[in-house]
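Text of the file final21.txt, holding compact mmCIF, N, CA and C atoms:
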```
# COMPACT_ATOMS: atom_id res chain seq x y z
N ARG A 276 0.19 12.19 15.48
CA ARG A 276 1.27 11.52 14.79
C ARG A 276 1.49 12.15 13.41
N PHE A 277 0.42 12.58 12.78
CA PHE A 277 0.55 13.17 11.45
C PHE A 277 1.48 14.37 11.46
N ILE A 278 1.30 15.27 12.41
CA ILE A 278 2.11 16.49 12.48
C ILE A 278 3.58 16.13 12.69
N GLU A 279 3.85 15.17 13.56
CA GLU A 279 5.25 14.75 13.78
C GLU A 279 5.88 14.26 12.49
N LEU A 280 5.14 13.42 11.76
CA LEU A 280 5.67 12.87 10.50
C LEU A 280 5.81 13.96 9.44
N ALA A 281 4.86 14.86 9.39
CA ALA A 281 4.92 15.93 8.39
C ALA A 281 6.10 16.86 8.67
N LYS A 282 6.27 17.26 9.91
CA LYS A 282 7.36 18.17 10.26
C LYS A 282 8.74 17.55 10.02
N SER A 283 8.84 16.27 10.24
CA SER A 283 10.13 15.60 10.07
C SER A 283 10.39 15.21 8.61
N GLY A 284 9.40 15.38 7.75
CA GLY A 284 9.56 15.02 6.34
C GLY A 284 9.41 13.54 6.08
N GLN A 285 8.88 12.80 7.02
CA GLN A 285 8.75 11.35 6.89
C GLN A 285 7.34 10.90 6.53
N ILE A 286 6.46 11.85 6.24
CA ILE A 286 5.06 11.50 5.98
C ILE A 286 4.91 10.57 4.78
N HIS A 287 5.80 10.68 3.81
CA HIS A 287 5.72 9.80 2.63
C HIS A 287 5.93 8.32 3.01
N ASN A 288 6.60 8.07 4.12
CA ASN A 288 6.80 6.69 4.56
C ASN A 288 5.52 6.07 5.10
N VAL A 289 4.49 6.88 5.29
CA VAL A 289 3.19 6.39 5.75
C VAL A 289 2.14 6.55 4.65
N CYS A 290 2.09 7.72 4.03
CA CYS A 290 1.05 8.00 3.04
C CYS A 290 1.18 7.14 1.78
N GLN A 291 2.37 7.02 1.27
CA GLN A 291 2.55 6.24 0.04
C GLN A 291 2.16 4.78 0.25
N PRO A 292 2.65 4.10 1.29
CA PRO A 292 2.21 2.72 1.51
C PRO A 292 0.71 2.61 1.76
N ASN A 293 0.15 3.55 2.53
CA ASN A 293 -1.29 3.49 2.81
C ASN A 293 -2.11 3.64 1.54
N SER A 294 -1.65 4.47 0.61
CA SER A 294 -2.40 4.62 -0.63
C SER A 294 -2.40 3.32 -1.43
N LEU A 295 -1.29 2.60 -1.41
CA LEU A 295 -1.23 1.32 -2.12
C LEU A 295 -2.15 0.29 -1.45
N LEU A 296 -2.19 0.29 -0.13
CA LEU A 296 -3.07 -0.64 0.58
C LEU A 296 -4.53 -0.34 0.29
N THR A 297 -4.88 0.94 0.28
CA THR A 297 -6.26 1.33 -0.01
C THR A 297 -6.65 0.93 -1.43
N PHE A 298 -5.74 1.16 -2.37
CA PHE A 298 -6.00 0.81 -3.76
C PHE A 298 -6.18 -0.70 -3.92
N GLN A 299 -5.33 -1.48 -3.28
CA GLN A 299 -5.43 -2.94 -3.35
C GLN A 299 -6.77 -3.42 -2.78
N GLU A 300 -7.15 -2.87 -1.65
CA GLU A 300 -8.40 -3.27 -1.02
C GLU A 300 -9.58 -2.93 -1.94
N TYR A 301 -9.55 -1.77 -2.54
CA TYR A 301 -10.62 -1.38 -3.46
C TYR A 301 -10.68 -2.33 -4.65
N LEU A 302 -9.52 -2.63 -5.24
CA LEU A 302 -9.50 -3.55 -6.39
C LEU A 302 -10.07 -4.91 -6.01
N LEU A 303 -9.68 -5.42 -4.86
CA LEU A 303 -10.16 -6.74 -4.44
C LEU A 303 -11.66 -6.75 -4.18
N ASP A 304 -12.17 -5.68 -3.63
CA ASP A 304 -13.58 -5.64 -3.26
C ASP A 304 -14.50 -5.22 -4.41
N TYR A 305 -14.01 -4.38 -5.32
CA TYR A 305 -14.90 -3.80 -6.33
C TYR A 305 -14.40 -3.91 -7.77
N GLY A 306 -13.15 -4.26 -7.97
CA GLY A 306 -12.60 -4.28 -9.32
C GLY A 306 -12.99 -5.52 -10.10
N ASP A 307 -13.23 -5.32 -11.40
CA ASP A 307 -13.44 -6.47 -12.27
C ASP A 307 -12.07 -7.04 -12.66
N GLU A 308 -12.07 -8.08 -13.44
CA GLU A 308 -10.81 -8.76 -13.78
C GLU A 308 -9.83 -7.82 -14.48
N GLU A 309 -10.31 -7.03 -15.40
CA GLU A 309 -9.43 -6.11 -16.13
C GLU A 309 -8.84 -5.07 -15.18
N ALA A 310 -9.66 -4.51 -14.30
CA ALA A 310 -9.17 -3.52 -13.34
C ALA A 310 -8.14 -4.13 -12.41
N ARG A 311 -8.37 -5.35 -11.99
CA ARG A 311 -7.41 -6.02 -11.10
C ARG A 311 -6.07 -6.25 -11.78
N GLU A 312 -6.10 -6.62 -13.06
CA GLU A 312 -4.85 -6.83 -13.79
C GLU A 312 -4.08 -5.52 -13.95
N LEU A 313 -4.79 -4.48 -14.36
CA LEU A 313 -4.15 -3.18 -14.51
C LEU A 313 -3.67 -2.66 -13.16
N GLY A 314 -4.48 -2.85 -12.14
CA GLY A 314 -4.12 -2.41 -10.80
C GLY A 314 -2.91 -3.13 -10.26
N ALA A 315 -2.80 -4.42 -10.54
CA ALA A 315 -1.65 -5.20 -10.06
C ALA A 315 -0.36 -4.64 -10.66
N ALA A 316 -0.40 -4.28 -11.94
CA ALA A 316 0.78 -3.70 -12.58
C ALA A 316 1.13 -2.36 -11.93
N ALA A 317 0.12 -1.54 -11.67
CA ALA A 317 0.36 -0.24 -11.03
C ALA A 317 0.89 -0.41 -9.61
N LEU A 318 0.38 -1.40 -8.90
CA LEU A 318 0.86 -1.66 -7.54
C LEU A 318 2.33 -2.07 -7.55
N ARG A 319 2.70 -2.99 -8.46
CA ARG A 319 4.10 -3.43 -8.55
C ARG A 319 5.02 -2.24 -8.85
N GLU A 320 4.61 -1.42 -9.80
CA GLU A 320 5.42 -0.27 -10.19
C GLU A 320 5.60 0.71 -9.03
N ASN A 321 4.52 0.99 -8.34
CA ASN A 321 4.57 1.97 -7.26
C ASN A 321 5.19 1.41 -5.99
N LEU A 322 5.12 0.12 -5.80
CA LEU A 322 5.78 -0.51 -4.66
C LEU A 322 7.29 -0.28 -4.74
N GLU A 323 7.83 -0.33 -5.95
CA GLU A 323 9.27 -0.11 -6.14
C GLU A 323 9.68 1.34 -5.87
N ARG A 324 8.73 2.25 -5.85
CA ARG A 324 9.02 3.66 -5.62
C ARG A 324 9.09 4.02 -4.14
N ILE A 325 8.78 3.06 -3.28
CA ILE A 325 8.89 3.31 -1.84
C ILE A 325 10.39 3.31 -1.51
N PRO A 326 10.90 4.41 -1.00
CA PRO A 326 12.35 4.54 -0.85
C PRO A 326 12.99 3.60 0.19
N ARG A 327 12.32 3.35 1.28
CA ARG A 327 12.93 2.53 2.34
C ARG A 327 12.59 1.06 2.12
N GLU A 328 13.60 0.23 2.08
CA GLU A 328 13.43 -1.21 1.86
C GLU A 328 12.53 -1.83 2.93
N SER A 329 12.72 -1.45 4.18
CA SER A 329 11.92 -2.04 5.26
C SER A 329 10.44 -1.68 5.09
N THR A 330 10.16 -0.47 4.70
CA THR A 330 8.77 -0.05 4.47
C THR A 330 8.19 -0.78 3.28
N ARG A 331 9.00 -0.97 2.24
CA ARG A 331 8.56 -1.71 1.06
C ARG A 331 8.19 -3.15 1.42
N ARG A 332 9.02 -3.79 2.24
CA ARG A 332 8.73 -5.18 2.66
C ARG A 332 7.45 -5.25 3.49
N LEU A 333 7.28 -4.31 4.41
CA LEU A 333 6.07 -4.29 5.24
C LEU A 333 4.83 -4.04 4.39
N THR A 334 4.96 -3.17 3.40
CA THR A 334 3.83 -2.90 2.51
C THR A 334 3.48 -4.14 1.71
N LEU A 335 4.47 -4.82 1.17
CA LEU A 335 4.23 -6.04 0.42
C LEU A 335 3.55 -7.09 1.30
N ASP A 336 4.00 -7.23 2.52
CA ASP A 336 3.37 -8.17 3.46
C ASP A 336 1.90 -7.83 3.65
N ARG A 337 1.61 -6.56 3.84
CA ARG A 337 0.22 -6.15 4.05
C ARG A 337 -0.61 -6.33 2.79
N LEU A 338 -0.03 -6.09 1.62
CA LEU A 338 -0.75 -6.34 0.37
C LEU A 338 -1.13 -7.81 0.25
N GLU A 339 -0.23 -8.69 0.63
CA GLU A 339 -0.51 -10.13 0.59
C GLU A 339 -1.58 -10.51 1.61
N ARG A 340 -1.57 -9.87 2.76
CA ARG A 340 -2.59 -10.12 3.77
C ARG A 340 -3.97 -9.68 3.28
N LEU A 341 -4.01 -8.57 2.53
CA LEU A 341 -5.27 -8.13 1.95
C LEU A 341 -5.80 -9.17 0.96
N GLU A 342 -4.90 -9.71 0.14
CA GLU A 342 -5.32 -10.75 -0.81
C GLU A 342 -5.85 -11.98 -0.09
N ALA A 343 -5.34 -12.24 1.10
CA ALA A 343 -5.78 -13.40 1.88
C ALA A 343 -7.10 -13.15 2.61
N GLY A 344 -7.63 -11.90 2.50
CA GLY A 344 -8.92 -11.64 3.07
C GLY A 344 -8.96 -10.66 4.22
N GLU A 345 -7.82 -10.27 4.75
CA GLU A 345 -7.83 -9.26 5.82
C GLU A 345 -8.23 -7.91 5.23
N ARG A 346 -8.71 -7.02 6.07
CA ARG A 346 -9.10 -5.70 5.62
C ARG A 346 -8.66 -4.65 6.65
N ASP A 347 -8.70 -3.40 6.22
CA ASP A 347 -8.41 -2.24 7.06
C ASP A 347 -6.98 -2.26 7.63
N LEU A 348 -6.02 -2.59 6.78
CA LEU A 348 -4.62 -2.57 7.19
C LEU A 348 -4.03 -1.22 6.85
N TYR A 349 -3.16 -0.73 7.67
CA TYR A 349 -2.56 0.59 7.44
C TYR A 349 -1.28 0.73 8.26
N PHE A 350 -0.55 1.81 8.01
CA PHE A 350 0.68 2.12 8.74
C PHE A 350 0.40 3.14 9.80
```
Encoded form (structure tokens):
Amino acid sequence: RFIELAKSGQIHNVCQPNSLLTFQEYLLDYGDEEARELGAAALRENLERIPRESTRRLTLDRLERLEAGERDLYF
């Protein structure tokens, strides 16, 4: 799947959201209060940089699921 996405130029629609999910999971599992606050600001800022609205909504949904305790979410 990676090669298909890379060749078509759509890899950013997977990699960018996955990086945000990984960062959120790390903050929740290992971040102290200060790191979580700074991380939340970075997540909000970078969430807006996802070009496709549908991908942005799906990413936000998965970020909320991580906060609720789910783990290992990805695109």
Near region 341-350 of chain A, within 8 Å and counting all atoms listed in the file, which residues show up once chain neighbours fewer than 4 positions away are dropped, as a PyMOL selection string? chain A and resi 288-290+292-294+296-297+299-300+303+335-337
How far is it from CA of Leu333 (chain A) to CA of Ala316 (chain A), in Å with one decimal?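 The value is 18.6 Å.
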To one decimal in Å, tell me the separation between atom N of Glu323 (chain A) and atom N of Tyr301 (chain A). 17.8 Å
Using DSSP assignments from the backbone, pull out every residue in chain A that falls under alpha helix (DSSP H) and give it to me as a PDB file with N, CA and C atoms, in the coordinates of the input.
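Saved result, out.pdb, follows:
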```pdb
ATOM      1  N   PHE A 277       0.420  12.580  12.780  1.00  0.00           N
ATOM      2  CA  PHE A 277       0.550  13.170  11.450  1.00  0.00           C
ATOM      3  C   PHE A 277       1.480  14.370  11.460  1.00  0.00           C
ATOM      4  N   ILE A 278       1.300  15.270  12.410  1.00  0.00           N
ATOM      5  CA  ILE A 278       2.110  16.490  12.480  1.00  0.00           C
ATOM      6  C   ILE A 278       3.580  16.130  12.690  1.00  0.00           C
ATOM      7  N   GLU A 279       3.850  15.170  13.560  1.00  0.00           N
ATOM      8  CA  GLU A 279       5.250  14.750  13.780  1.00  0.00           C
ATOM      9  C   GLU A 279       5.880  14.260  12.490  1.00  0.00           C
ATOM     10  N   LEU A 280       5.140  13.420  11.760  1.00  0.00           N
ATOM     11  CA  LEU A 280       5.670  12.870  10.500  1.00  0.00           C
ATOM     12  C   LEU A 280       5.810  13.960   9.440  1.00  0.00           C
ATOM     13  N   ALA A 281       4.860  14.860   9.390  1.00  0.00           N
ATOM     14  CA  ALA A 281       4.920  15.930   8.390  1.00  0.00           C
ATOM     15  C   ALA A 281       6.100  16.860   8.670  1.00  0.00           C
ATOM     16  N   LYS A 282       6.270  17.260   9.910  1.00  0.00           N
ATOM     17  CA  LYS A 282       7.360  18.170  10.260  1.00  0.00           C
ATOM     18  C   LYS A 282       8.740  17.550  10.020  1.00  0.00           C
ATOM     19  N   SER A 283       8.840  16.270  10.240  1.00  0.00           N
ATOM     20  CA  SER A 283      10.130  15.600  10.070  1.00  0.00           C
ATOM     21  C   SER A 283      10.390  15.210   8.610  1.00  0.00           C
ATOM     22  N   HIS A 287       5.800  10.680   3.810  1.00  0.00           N
ATOM     23  CA  HIS A 287       5.720   9.800   2.630  1.00  0.00           C
ATOM     24  C   HIS A 287       5.930   8.320   3.010  1.00  0.00           C
ATOM     25  N   ASN A 288       6.600   8.070   4.120  1.00  0.00           N
ATOM     26  CA  ASN A 288       6.800   6.690   4.560  1.00  0.00           C
ATOM     27  C   ASN A 288       5.520   6.070   5.100  1.00  0.00           C
ATOM     28  N   VAL A 289       4.490   6.880   5.290  1.00  0.00           N
ATOM     29  CA  VAL A 289       3.190   6.390   5.750  1.00  0.00           C
ATOM     30  C   VAL A 289       2.140   6.550   4.650  1.00  0.00           C
ATOM     31  N   CYS A 290       2.090   7.720   4.030  1.00  0.00           N
ATOM     32  CA  CYS A 290       1.050   8.000   3.040  1.00  0.00           C
ATOM     33  C   CYS A 290       1.180   7.140   1.780  1.00  0.00           C
ATOM     34  N   GLN A 291       2.370   7.020   1.270  1.00  0.00           N
ATOM     35  CA  GLN A 291       2.550   6.240   0.040  1.00  0.00           C
ATOM     36  C   GLN A 291       2.160   4.780   0.250  1.00  0.00           C
ATOM     37  N   PRO A 292       2.650   4.100   1.290  1.00  0.00           N
ATOM     38  CA  PRO A 292       2.210   2.720   1.510  1.00  0.00           C
ATOM     39  C   PRO A 292       0.710   2.610   1.760  1.00  0.00           C
ATOM     40  N   ASN A 293       0.150   3.550   2.530  1.00  0.00           N
ATOM     41  CA  ASN A 293      -1.290   3.490   2.810  1.00  0.00           C
ATOM     42  C   ASN A 293      -2.110   3.640   1.540  1.00  0.00           C
ATOM     43  N   SER A 294      -1.650   4.470   0.610  1.00  0.00           N
ATOM     44  CA  SER A 294      -2.400   4.620  -0.630  1.00  0.00           C
ATOM     45  C   SER A 294      -2.400   3.320  -1.430  1.00  0.00           C
ATOM     46  N   LEU A 295      -1.290   2.600  -1.410  1.00  0.00           N
ATOM     47  CA  LEU A 295      -1.230   1.320  -2.120  1.00  0.00           C
ATOM     48  C   LEU A 295      -2.150   0.290  -1.450  1.00  0.00           C
ATOM     49  N   LEU A 296      -2.190   0.290  -0.130  1.00  0.00           N
ATOM     50  CA  LEU A 296      -3.070  -0.640   0.580  1.00  0.00           C
ATOM     51  C   LEU A 296      -4.530  -0.340   0.290  1.00  0.00           C
ATOM     52  N   THR A 297      -4.880   0.940   0.280  1.00  0.00           N
ATOM     53  CA  THR A 297      -6.260   1.330  -0.010  1.00  0.00           C
ATOM     54  C   THR A 297      -6.650   0.930  -1.430  1.00  0.00           C
ATOM     55  N   PHE A 298      -5.740   1.160  -2.370  1.00  0.00           N
ATOM     56  CA  PHE A 298      -6.000   0.810  -3.760  1.00  0.00           C
ATOM     57  C   PHE A 298      -6.180  -0.700  -3.920  1.00  0.00           C
ATOM     58  N   GLN A 299      -5.330  -1.480  -3.280  1.00  0.00           N
ATOM     59  CA  GLN A 299      -5.430  -2.940  -3.350  1.00  0.00           C
ATOM     60  C   GLN A 299      -6.770  -3.420  -2.780  1.00  0.00           C
ATOM     61  N   GLU A 300      -7.150  -2.870  -1.650  1.00  0.00           N
ATOM     62  CA  GLU A 300      -8.400  -3.270  -1.020  1.00  0.00           C
ATOM     63  C   GLU A 300      -9.580  -2.930  -1.940  1.00  0.00           C
ATOM     64  N   TYR A 301      -9.550  -1.770  -2.540  1.00  0.00           N
ATOM     65  CA  TYR A 301     -10.620  -1.380  -3.460  1.00  0.00           C
ATOM     66  C   TYR A 301     -10.680  -2.330  -4.650  1.00  0.00           C
ATOM     67  N   LEU A 302      -9.520  -2.630  -5.240  1.00  0.00           N
ATOM     68  CA  LEU A 302      -9.500  -3.550  -6.390  1.00  0.00           C
ATOM     69  C   LEU A 302     -10.070  -4.910  -6.010  1.00  0.00           C
ATOM     70  N   LEU A 303      -9.680  -5.420  -4.860  1.00  0.00           N
ATOM     71  CA  LEU A 303     -10.160  -6.740  -4.440  1.00  0.00           C
ATOM     72  C   LEU A 303     -11.660  -6.750  -4.180  1.00  0.00           C
ATOM     73  N   ASP A 304     -12.170  -5.680  -3.630  1.00  0.00           N
ATOM     74  CA  ASP A 304     -13.580  -5.640  -3.260  1.00  0.00           C
ATOM     75  C   ASP A 304     -14.500  -5.220  -4.410  1.00  0.00           C
ATOM     76  N   TYR A 305     -14.010  -4.380  -5.320  1.00  0.00           N
ATOM     77  CA  TYR A 305     -14.900  -3.800  -6.330  1.00  0.00           C
ATOM     78  C   TYR A 305     -14.400  -3.910  -7.770  1.00  0.00           C
ATOM     79  N   GLU A 308     -12.070  -8.080 -13.440  1.00  0.00           N
ATOM     80  CA  GLU A 308     -10.810  -8.760 -13.780  1.00  0.00           C
ATOM     81  C   GLU A 308      -9.830  -7.820 -14.480  1.00  0.00           C
ATOM     82  N   GLU A 309     -10.310  -7.030 -15.400  1.00  0.00           N
ATOM     83  CA  GLU A 309      -9.430  -6.110 -16.130  1.00  0.00           C
ATOM     84  C   GLU A 309      -8.840  -5.070 -15.180  1.00  0.00           C
ATOM     85  N   ALA A 310      -9.660  -4.510 -14.300  1.00  0.00           N
ATOM     86  CA  ALA A 310      -9.170  -3.520 -13.340  1.00  0.00           C
ATOM     87  C   ALA A 310      -8.140  -4.130 -12.410  1.00  0.00           C
ATOM     88  N   ARG A 311      -8.370  -5.350 -11.990  1.00  0.00           N
ATOM     89  CA  ARG A 311      -7.410  -6.020 -11.100  1.00  0.00           C
ATOM     90  C   ARG A 311      -6.070  -6.250 -11.780  1.00  0.00           C
ATOM     91  N   GLU A 312      -6.100  -6.620 -13.060  1.00  0.00           N
ATOM     92  CA  GLU A 312      -4.850  -6.830 -13.790  1.00  0.00           C
ATOM     93  C   GLU A 312      -4.080  -5.520 -13.950  1.00  0.00           C
ATOM     94  N   LEU A 313      -4.790  -4.480 -14.360  1.00  0.00           N
ATOM     95  CA  LEU A 313      -4.150  -3.180 -14.510  1.00  0.00           C
ATOM     96  C   LEU A 313      -3.670  -2.660 -13.160  1.00  0.00           C
ATOM     97  N   GLY A 314      -4.480  -2.850 -12.140  1.00  0.00           N
ATOM     98  CA  GLY A 314      -4.120  -2.410 -10.800  1.00  0.00           C
ATOM     99  C   GLY A 314      -2.910  -3.130 -10.260  1.00  0.00           C
ATOM    100  N   ALA A 315      -2.800  -4.420 -10.540  1.00  0.00           N
ATOM    101  CA  ALA A 315      -1.650  -5.200 -10.060  1.00  0.00           C
ATOM    102  C   ALA A 315      -0.360  -4.640 -10.660  1.00  0.00           C
ATOM    103  N   ALA A 316      -0.400  -4.280 -11.940  1.00  0.00           N
ATOM    104  CA  ALA A 316       0.780  -3.700 -12.580  1.00  0.00           C
ATOM    105  C   ALA A 316       1.130  -2.360 -11.930  1.00  0.00           C
ATOM    106  N   ALA A 317       0.120  -1.540 -11.670  1.00  0.00           N
ATOM    107  CA  ALA A 317       0.360  -0.240 -11.030  1.00  0.00           C
ATOM    108  C   ALA A 317       0.890  -0.410  -9.610  1.00  0.00           C
ATOM    109  N   LEU A 318       0.380  -1.400  -8.900  1.00  0.00           N
ATOM    110  CA  LEU A 318       0.860  -1.660  -7.540  1.00  0.00           C
ATOM    111  C   LEU A 318       2.330  -2.070  -7.550  1.00  0.00           C
ATOM    112  N   ARG A 319       2.700  -2.990  -8.460  1.00  0.00           N
ATOM    113  CA  ARG A 319       4.100  -3.430  -8.550  1.00  0.00           C
ATOM    114  C   ARG A 319       5.020  -2.240  -8.850  1.00  0.00           C
ATOM    115  N   GLU A 320       4.610  -1.420  -9.800  1.00  0.00           N
ATOM    116  CA  GLU A 320       5.420  -0.270 -10.190  1.00  0.00           C
ATOM    117  C   GLU A 320       5.600   0.710  -9.030  1.00  0.00           C
ATOM    118  N   ASN A 321       4.520   0.990  -8.340  1.00  0.00           N
ATOM    119  CA  ASN A 321       4.570   1.970  -7.260  1.00  0.00           C
ATOM    120  C   ASN A 321       5.190   1.410  -5.990  1.00  0.00           C
ATOM    121  N   LEU A 322       5.120   0.120  -5.800  1.00  0.00           N
ATOM    122  CA  LEU A 322       5.780  -0.510  -4.660  1.00  0.00           C
ATOM    123  C   LEU A 322       7.290  -0.280  -4.740  1.00  0.00           C
ATOM    124  N   GLU A 328      13.600   0.230   2.080  1.00  0.00           N
ATOM    125  CA  GLU A 328      13.430  -1.210   1.860  1.00  0.00           C
ATOM    126  C   GLU A 328      12.530  -1.830   2.930  1.00  0.00           C
ATOM    127  N   SER A 329      12.720  -1.450   4.180  1.00  0.00           N
ATOM    128  CA  SER A 329      11.920  -2.040   5.260  1.00  0.00           C
ATOM    129  C   SER A 329      10.440  -1.680   5.090  1.00  0.00           C
ATOM    130  N   THR A 330      10.160  -0.470   4.700  1.00  0.00           N
ATOM    131  CA  THR A 330       8.770  -0.050   4.470  1.00  0.00           C
ATOM    132  C   THR A 330       8.190  -0.780   3.280  1.00  0.00           C
ATOM    133  N   ARG A 331       9.000  -0.970   2.240  1.00  0.00           N
ATOM    134  CA  ARG A 331       8.560  -1.710   1.060  1.00  0.00           C
ATOM    135  C   ARG A 331       8.190  -3.150   1.420  1.00  0.00           C
ATOM    136  N   ARG A 332       9.020  -3.790   2.240  1.00  0.00           N
ATOM    137  CA  ARG A 332       8.730  -5.180   2.660  1.00  0.00           C
ATOM    138  C   ARG A 332       7.450  -5.250   3.490  1.00  0.00           C
ATOM    139  N   LEU A 333       7.280  -4.310   4.410  1.00  0.00           N
ATOM    140  CA  LEU A 333       6.070  -4.290   5.240  1.00  0.00           C
ATOM    141  C   LEU A 333       4.830  -4.040   4.390  1.00  0.00           C
ATOM    142  N   THR A 334       4.960  -3.170   3.400  1.00  0.00           N
ATOM    143  CA  THR A 334       3.830  -2.900   2.510  1.00  0.00           C
ATOM    144  C   THR A 334       3.480  -4.140   1.710  1.00  0.00           C
ATOM    145  N   LEU A 335       4.470  -4.820   1.170  1.00  0.00           N
ATOM    146  CA  LEU A 335       4.230  -6.040   0.420  1.00  0.00           C
ATOM    147  C   LEU A 335       3.550  -7.090   1.300  1.00  0.00           C
ATOM    148  N   ASP A 336       4.000  -7.230   2.520  1.00  0.00           N
ATOM    149  CA  ASP A 336       3.370  -8.170   3.460  1.00  0.00           C
ATOM    150  C   ASP A 336       1.900  -7.830   3.650  1.00  0.00           C
ATOM    151  N   ARG A 337       1.610  -6.560   3.840  1.00  0.00           N
ATOM    152  CA  ARG A 337       0.220  -6.150   4.050  1.00  0.00           C
ATOM    153  C   ARG A 337      -0.610  -6.330   2.790  1.00  0.00           C
ATOM    154  N   LEU A 338      -0.030  -6.090   1.620  1.00  0.00           N
ATOM    155  CA  LEU A 338      -0.750  -6.340   0.370  1.00  0.00           C
ATOM    156  C   LEU A 338      -1.130  -7.810   0.250  1.00  0.00           C
ATOM    157  N   GLU A 339      -0.230  -8.690   0.630  1.00  0.00           N
ATOM    158  CA  GLU A 339      -0.510 -10.130   0.590  1.00  0.00           C
ATOM    159  C   GLU A 339      -1.580 -10.510   1.610  1.00  0.00           C
ATOM    160  N   ARG A 340      -1.570  -9.870   2.760  1.00  0.00           N
ATOM    161  CA  ARG A 340      -2.590 -10.120   3.770  1.00  0.00           C
ATOM    162  C   ARG A 340      -3.970  -9.680   3.280  1.00  0.00           C
ATOM    163  N   LEU A 341      -4.010  -8.570   2.530  1.00  0.00           N
ATOM    164  CA  LEU A 341      -5.270  -8.130   1.950  1.00  0.00           C
ATOM    165  C   LEU A 341      -5.800  -9.170   0.960  1.00  0.00           C
ATOM    166  N   GLU A 342      -4.900  -9.710   0.140  1.00  0.00           N
ATOM    167  CA  GLU A 342      -5.320 -10.750  -0.810  1.00  0.00           C
ATOM    168  C   GLU A 342      -5.850 -11.980  -0.090  1.00  0.00           C
TER     169      GLU A 342
END
```
Tell me, in Å to one decimal, how far atom C of Glu339 (chain A) is from atom C of Gln285 (chain A).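 We find that atom C of Glu339 (chain A) and atom C of Gln285 (chain A) lie 23.7 Å from each other.
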Which residue gives the smallest distance to Gly314 (chain A) among A:His287, A:Arg327, A:Lys282, A:Phe298, with all atoms listed in the file counted?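 Using all atoms listed in the file, the shortest distance to Gly314 (chain A) belongs to A:Phe298.
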